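> Quick one, final06.csv (CSV, C-alpha atoms):
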chain,number,residue,atom,x,y,z
A,1027,MET,CA,-18.1,58.2,147.9
A,1028,GLY,CA,-19.4,60.8,150.3
A,1029,GLU,CA,-21.3,62.6,147.5
A,1030,ASP,CA,-24.7,61.4,146.4
A,1031,LEU,CA,-25.1,61.4,142.7
A,1032,ARG,CA,-28.6,62.3,141.7
A,1033,LEU,CA,-29.8,61.4,138.2
A,1034,PRO,CA,-32.4,63.7,136.6
A,1035,THR,CA,-35.9,62.3,136.2
A,1036,HIS,CA,-37.6,62.1,132.8
A,1037,THR,CA,-39.8,65.0,133.7
A,1038,GLU,CA,-36.8,67.2,134.5
A,1039,GLU,CA,-35.1,66.2,131.3
A,1040,VAL,CA,-38.2,67.1,129.2
A,1041,GLN,CA,-38.6,70.5,130.9
A,1042,GLU,CA,-34.9,71.3,130.2
A,1043,ASN,CA,-34.8,70.0,126.6
A,1044,GLU,CA,-38.1,71.0,125.1
A,1045,GLN,CA,-41.2,73.0,125.9
A,1046,PRO,CA,-44.5,71.2,125.5
A,1047,LYS,CA,-46.2,72.0,122.2
A,1048,LYS,CA,-49.7,73.3,122.1
A,1049,GLY,CA,-52.3,72.9,119.4
A,1050,ILE,CA,-53.5,70.2,117.1
A,1051,LEU,CA,-50.1,68.9,116.2
A,1052,SER,CA,-49.4,68.0,119.9
A,1053,CYS,CA,-52.0,65.3,119.6
A,1054,VAL,CA,-49.6,63.5,117.2
A,1055,SER,CA,-46.3,64.7,118.4
A,1056,THR,CA,-46.8,63.8,122.0
A,1057,PRO,CA,-47.4,60.1,121.5
A,1058,VAL,CA,-44.5,60.0,118.9
A,1059,ALA,CA,-42.2,61.6,121.5
A,1060,TRP,CA,-43.4,59.1,124.1
A,1061,PHE,CA,-42.6,56.2,121.8
A,1062,LYS,CA,-39.2,57.6,121.0
A,1063,MET,CA,-38.5,57.9,124.7
A,1064,LEU,CA,-39.7,54.4,125.4
A,1065,ALA,CA,-37.6,53.0,122.5
A,1066,ASN,CA,-34.5,54.8,123.9
A,1067,GLU,CA,-35.1,53.5,127.5
A,1068,LEU,CA,-35.9,49.9,126.6
A,1069,HIS,CA,-35.1,49.0,123.0
A,1070,TRP,CA,-36.8,49.5,119.8
A,1071,SER,CA,-37.4,45.7,119.3
A,1072,PHE,CA,-39.2,45.4,122.7
A,1073,VAL,CA,-41.5,48.3,121.8
A,1074,TYR,CA,-42.1,46.8,118.4
A,1075,GLY,CA,-42.9,43.4,119.9
A,1076,VAL,CA,-45.4,44.9,122.4
A,1077,MET,CA,-47.1,46.9,119.7
A,1078,VAL,CA,-47.3,43.8,117.5
A,1079,VAL,CA,-48.6,41.5,120.3
A,1080,TYR,CA,-51.2,43.9,121.6
A,1081,GLY,CA,-52.0,46.0,118.5
A,1082,ILE,CA,-52.3,43.3,115.9
A,1083,SER,CA,-53.3,40.2,117.8
A,1084,GLN,CA,-55.8,41.8,120.1
A,1085,GLY,CA,-56.9,44.9,118.1
A,1086,LEU,CA,-57.1,43.3,114.7
A,1087,GLY,CA,-58.3,39.9,116.0
A,1088,GLY,CA,-61.0,41.5,118.1
A,1089,SER,CA,-62.1,43.7,115.2
A,1090,LEU,CA,-62.4,40.8,112.8
A,1091,ALA,CA,-64.3,38.7,115.4
A,1092,LYS,CA,-66.7,41.6,116.0
A,1093,VAL,CA,-67.4,41.9,112.3
A,1094,GLY,CA,-68.3,38.2,112.0
A,1095,THR,CA,-70.4,38.3,115.2
A,1096,GLU,CA,-72.3,41.4,114.2
A,1097,TYR,CA,-73.0,39.9,110.8
A,1098,TYR,CA,-74.3,36.6,112.4
A,1099,MET,CA,-76.4,38.5,114.9
A,1100,LYS,CA,-77.9,40.9,112.5
A,1101,ASP,CA,-78.4,38.9,109.3
A,1102,VAL,CA,-78.7,35.3,110.4
A,1103,GLN,CA,-80.4,35.6,113.9
A,1104,LYS,CA,-82.3,38.8,113.2
A,1105,VAL,CA,-81.3,40.3,116.6
A,1106,GLN,CA,-82.2,43.9,117.3
A,1107,PRO,CA,-79.3,46.3,117.9
A,1108,SER,CA,-80.3,46.9,121.5
A,1109,GLU,CA,-80.5,43.2,122.2
A,1110,ALA,CA,-77.1,42.7,120.5
A,1111,GLN,CA,-75.6,45.3,122.9
A,1112,VAL,CA,-77.0,43.4,125.8
A,1113,TYR,CA,-75.3,40.2,124.5
A,1114,SER,CA,-72.1,42.1,123.9
A,1115,GLY,CA,-72.2,43.4,127.5
A,1116,ILE,CA,-72.8,40.0,128.9
A,1117,THR,CA,-69.9,38.5,127.0
A,1118,SER,CA,-67.5,41.3,128.2
A,1119,ILE,CA,-68.3,40.6,131.9
A,1120,PRO,CA,-65.4,38.1,132.3
A,1121,TRP,CA,-62.9,40.8,131.1
A,1122,ILE,CA,-64.3,43.3,133.5
A,1123,ILE,CA,-64.0,40.8,136.4
A,1124,LYS,CA,-60.5,39.7,135.5
A,1125,PRO,CA,-58.6,42.4,137.3
A,1126,LEU,CA,-60.7,42.1,140.4
A,1127,TRP,CA,-60.2,38.3,140.4
A,1128,GLY,CA,-56.5,38.7,140.1
A,1129,LEU,CA,-56.4,41.2,143.0
A,1130,LEU,CA,-58.5,38.8,145.1
A,1131,THR,CA,-56.3,35.8,144.4
A,1132,ASP,CA,-53.1,37.9,145.2
A,1133,VAL,CA,-54.5,39.3,148.5
A,1134,VAL,CA,-56.8,36.7,150.0
A,1135,PRO,CA,-55.2,33.3,150.6
A,1136,ILE,CA,-57.4,30.2,151.2
A,1137,LEU,CA,-55.8,27.5,153.3
A,1138,GLY,CA,-52.4,29.3,152.9
A,1139,TYR,CA,-52.4,29.2,149.1
A,1140,HIS,CA,-52.9,32.2,146.9
A,1141,ARG,CA,-53.9,30.7,143.6
A,1142,ARG,CA,-54.1,26.9,143.9
A,1143,SER,CA,-57.3,26.9,146.0
A,1144,TYR,CA,-59.0,29.4,143.6
A,1145,PHE,CA,-58.2,27.1,140.6
A,1146,VAL,CA,-59.7,24.1,142.5
A,1147,PHE,CA,-62.7,26.2,143.4
A,1148,ALA,CA,-63.2,27.4,139.8
A,1149,GLY,CA,-62.7,24.0,138.3
A,1150,LYS,CA,-65.1,22.2,140.7
A,1151,HIS,CA,-68.2,21.0,138.9
A,1152,VAL,CA,-71.6,21.5,140.6
Take the structure in the file and give it back as structure tokens.

Amino acid sequence: MGEDLRLPTHTEEVQENEQPKKGILSCVSTPVAWFKMLANELHWSFVYGVMVVYGISQGLGGSLAKVGTEYYMKDVQKVQPSEAQVYSGITSIPWIIKPLWGLLTDVVPILGYHRRSYFVFAGKHV
């Protein structure tokens, strides 16, 4: 019990086991090695679930929605590309503010509550 057992970190294991590859193939092999490491650490089903949730639902869903929106703006509304970019930027503002809003609600309490008062404030009609 007097000895401290120190486990090697992932970086030390990688340095001992394999040298980093250089070149074009490293663009493919590095992410694949990272997914293998992640699947070994967590479980393959968890990694698969995260990929499905974020890759398919957000990636594919967002892409399909963008195709429909671009068609509607270009062919139906006859919006110029520069104007369409402005609208796209305006609609992405909530996603840009979301991390800042989360940080604000976690750090600054109002009347002793972290989130409840912000929900009331956001839901209050003018």
> Quick one: residues within 8 Å of range 1056-1061 of chain A, only C-alpha atoms counted, chain neighbours fewer than 4 positions away excluded, as a list in words?
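In the requested format, the answer is Ser1052, Ala1065 and Val1073 of chain A.
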> Please write the residues from the selection above to a file, keeping C-alpha atoms, as a PDB file, in the coordinates of the input.

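Produced file again12.pdb, reproduced below:
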ATOM      1  CA  SER A1052     -49.400  68.000 119.900  1.00  0.00           C
ATOM      2  CA  ALA A1065     -37.600  53.000 122.500  1.00  0.00           C
ATOM      3  CA  VAL A1073     -41.500  48.300 121.800  1.00  0.00           C
TER       4      VAL A1073
END
> Identify which of the residues A:Ser1089, A:Thr1131, A:Ser1114, A:Ser1108 lies closest to Ser1143 in chain A, counting all atoms listed in the file when measuring atom-to-atom distances.
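Of all the options, A:Thr1131 lies closest to Ser1143 in chain A.
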> In Å, with one decimal, what is the gap from CA of Ala1110 in chain A to CA of Thr1095 in chain A?
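Going from CA of Ala1110 in chain A over to CA of Thr1095 in chain A, I get 9.6 Å.
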> From the set A:Lys1092, A:Phe1072, A:Lys1062, A:Val1146, which residue has the shortest atom-to-atom contact distance to Thr1117 in chain A, counting all atoms listed in the file?
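The answer is A:Lys1092, which sits nearest to Thr1117 in chain A.
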> Just give me the gap between CA of Arg1141 in chain A and CA of Gly1128 in chain A in Å, one decimal is fine.
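For CA of Arg1141 in chain A relative to CA of Gly1128 in chain A, the distance reads 9.1 Å.
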> Rank A:Tyr1097, A:Tyr1080, A:Phe1145, A:Trp1070 by their smallest atom-to-atom distance to Trp1127 in chain A, using only C-alpha atoms, and report the top residue only.
A:Phe1145
> Can you work out the spacing between CA of Leu1126 in chain A and CA of Arg1142 in chain A in Å, to one decimal?
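Rounded to one decimal, the two atoms are 16.9 Å apart.
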> Within 12 Å of (-75.7, 39.4, 117.0) in the file's own coordinates, which protein, DNA or RNA residues have an atom, counting all atoms listed in the file? List them as JSON, numbers by chain.
{"A": [1091, 1092, 1093, 1094, 1095, 1096, 1097, 1098, 1099, 1100, 1101, 1102, 1103, 1104, 1105, 1106, 1107, 1108, 1109, 1110, 1111, 1112, 1113, 1114, 1115, 1117]}
> Between A:Tyr1074, A:Met1063, A:Gly1088, A:Leu1130, single out the one closest to Tyr1144 in chain A, counting all atoms listed in the file.
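Looking only at the distances to Tyr1144 in chain A, the closest residue turns out to be A:Leu1130.
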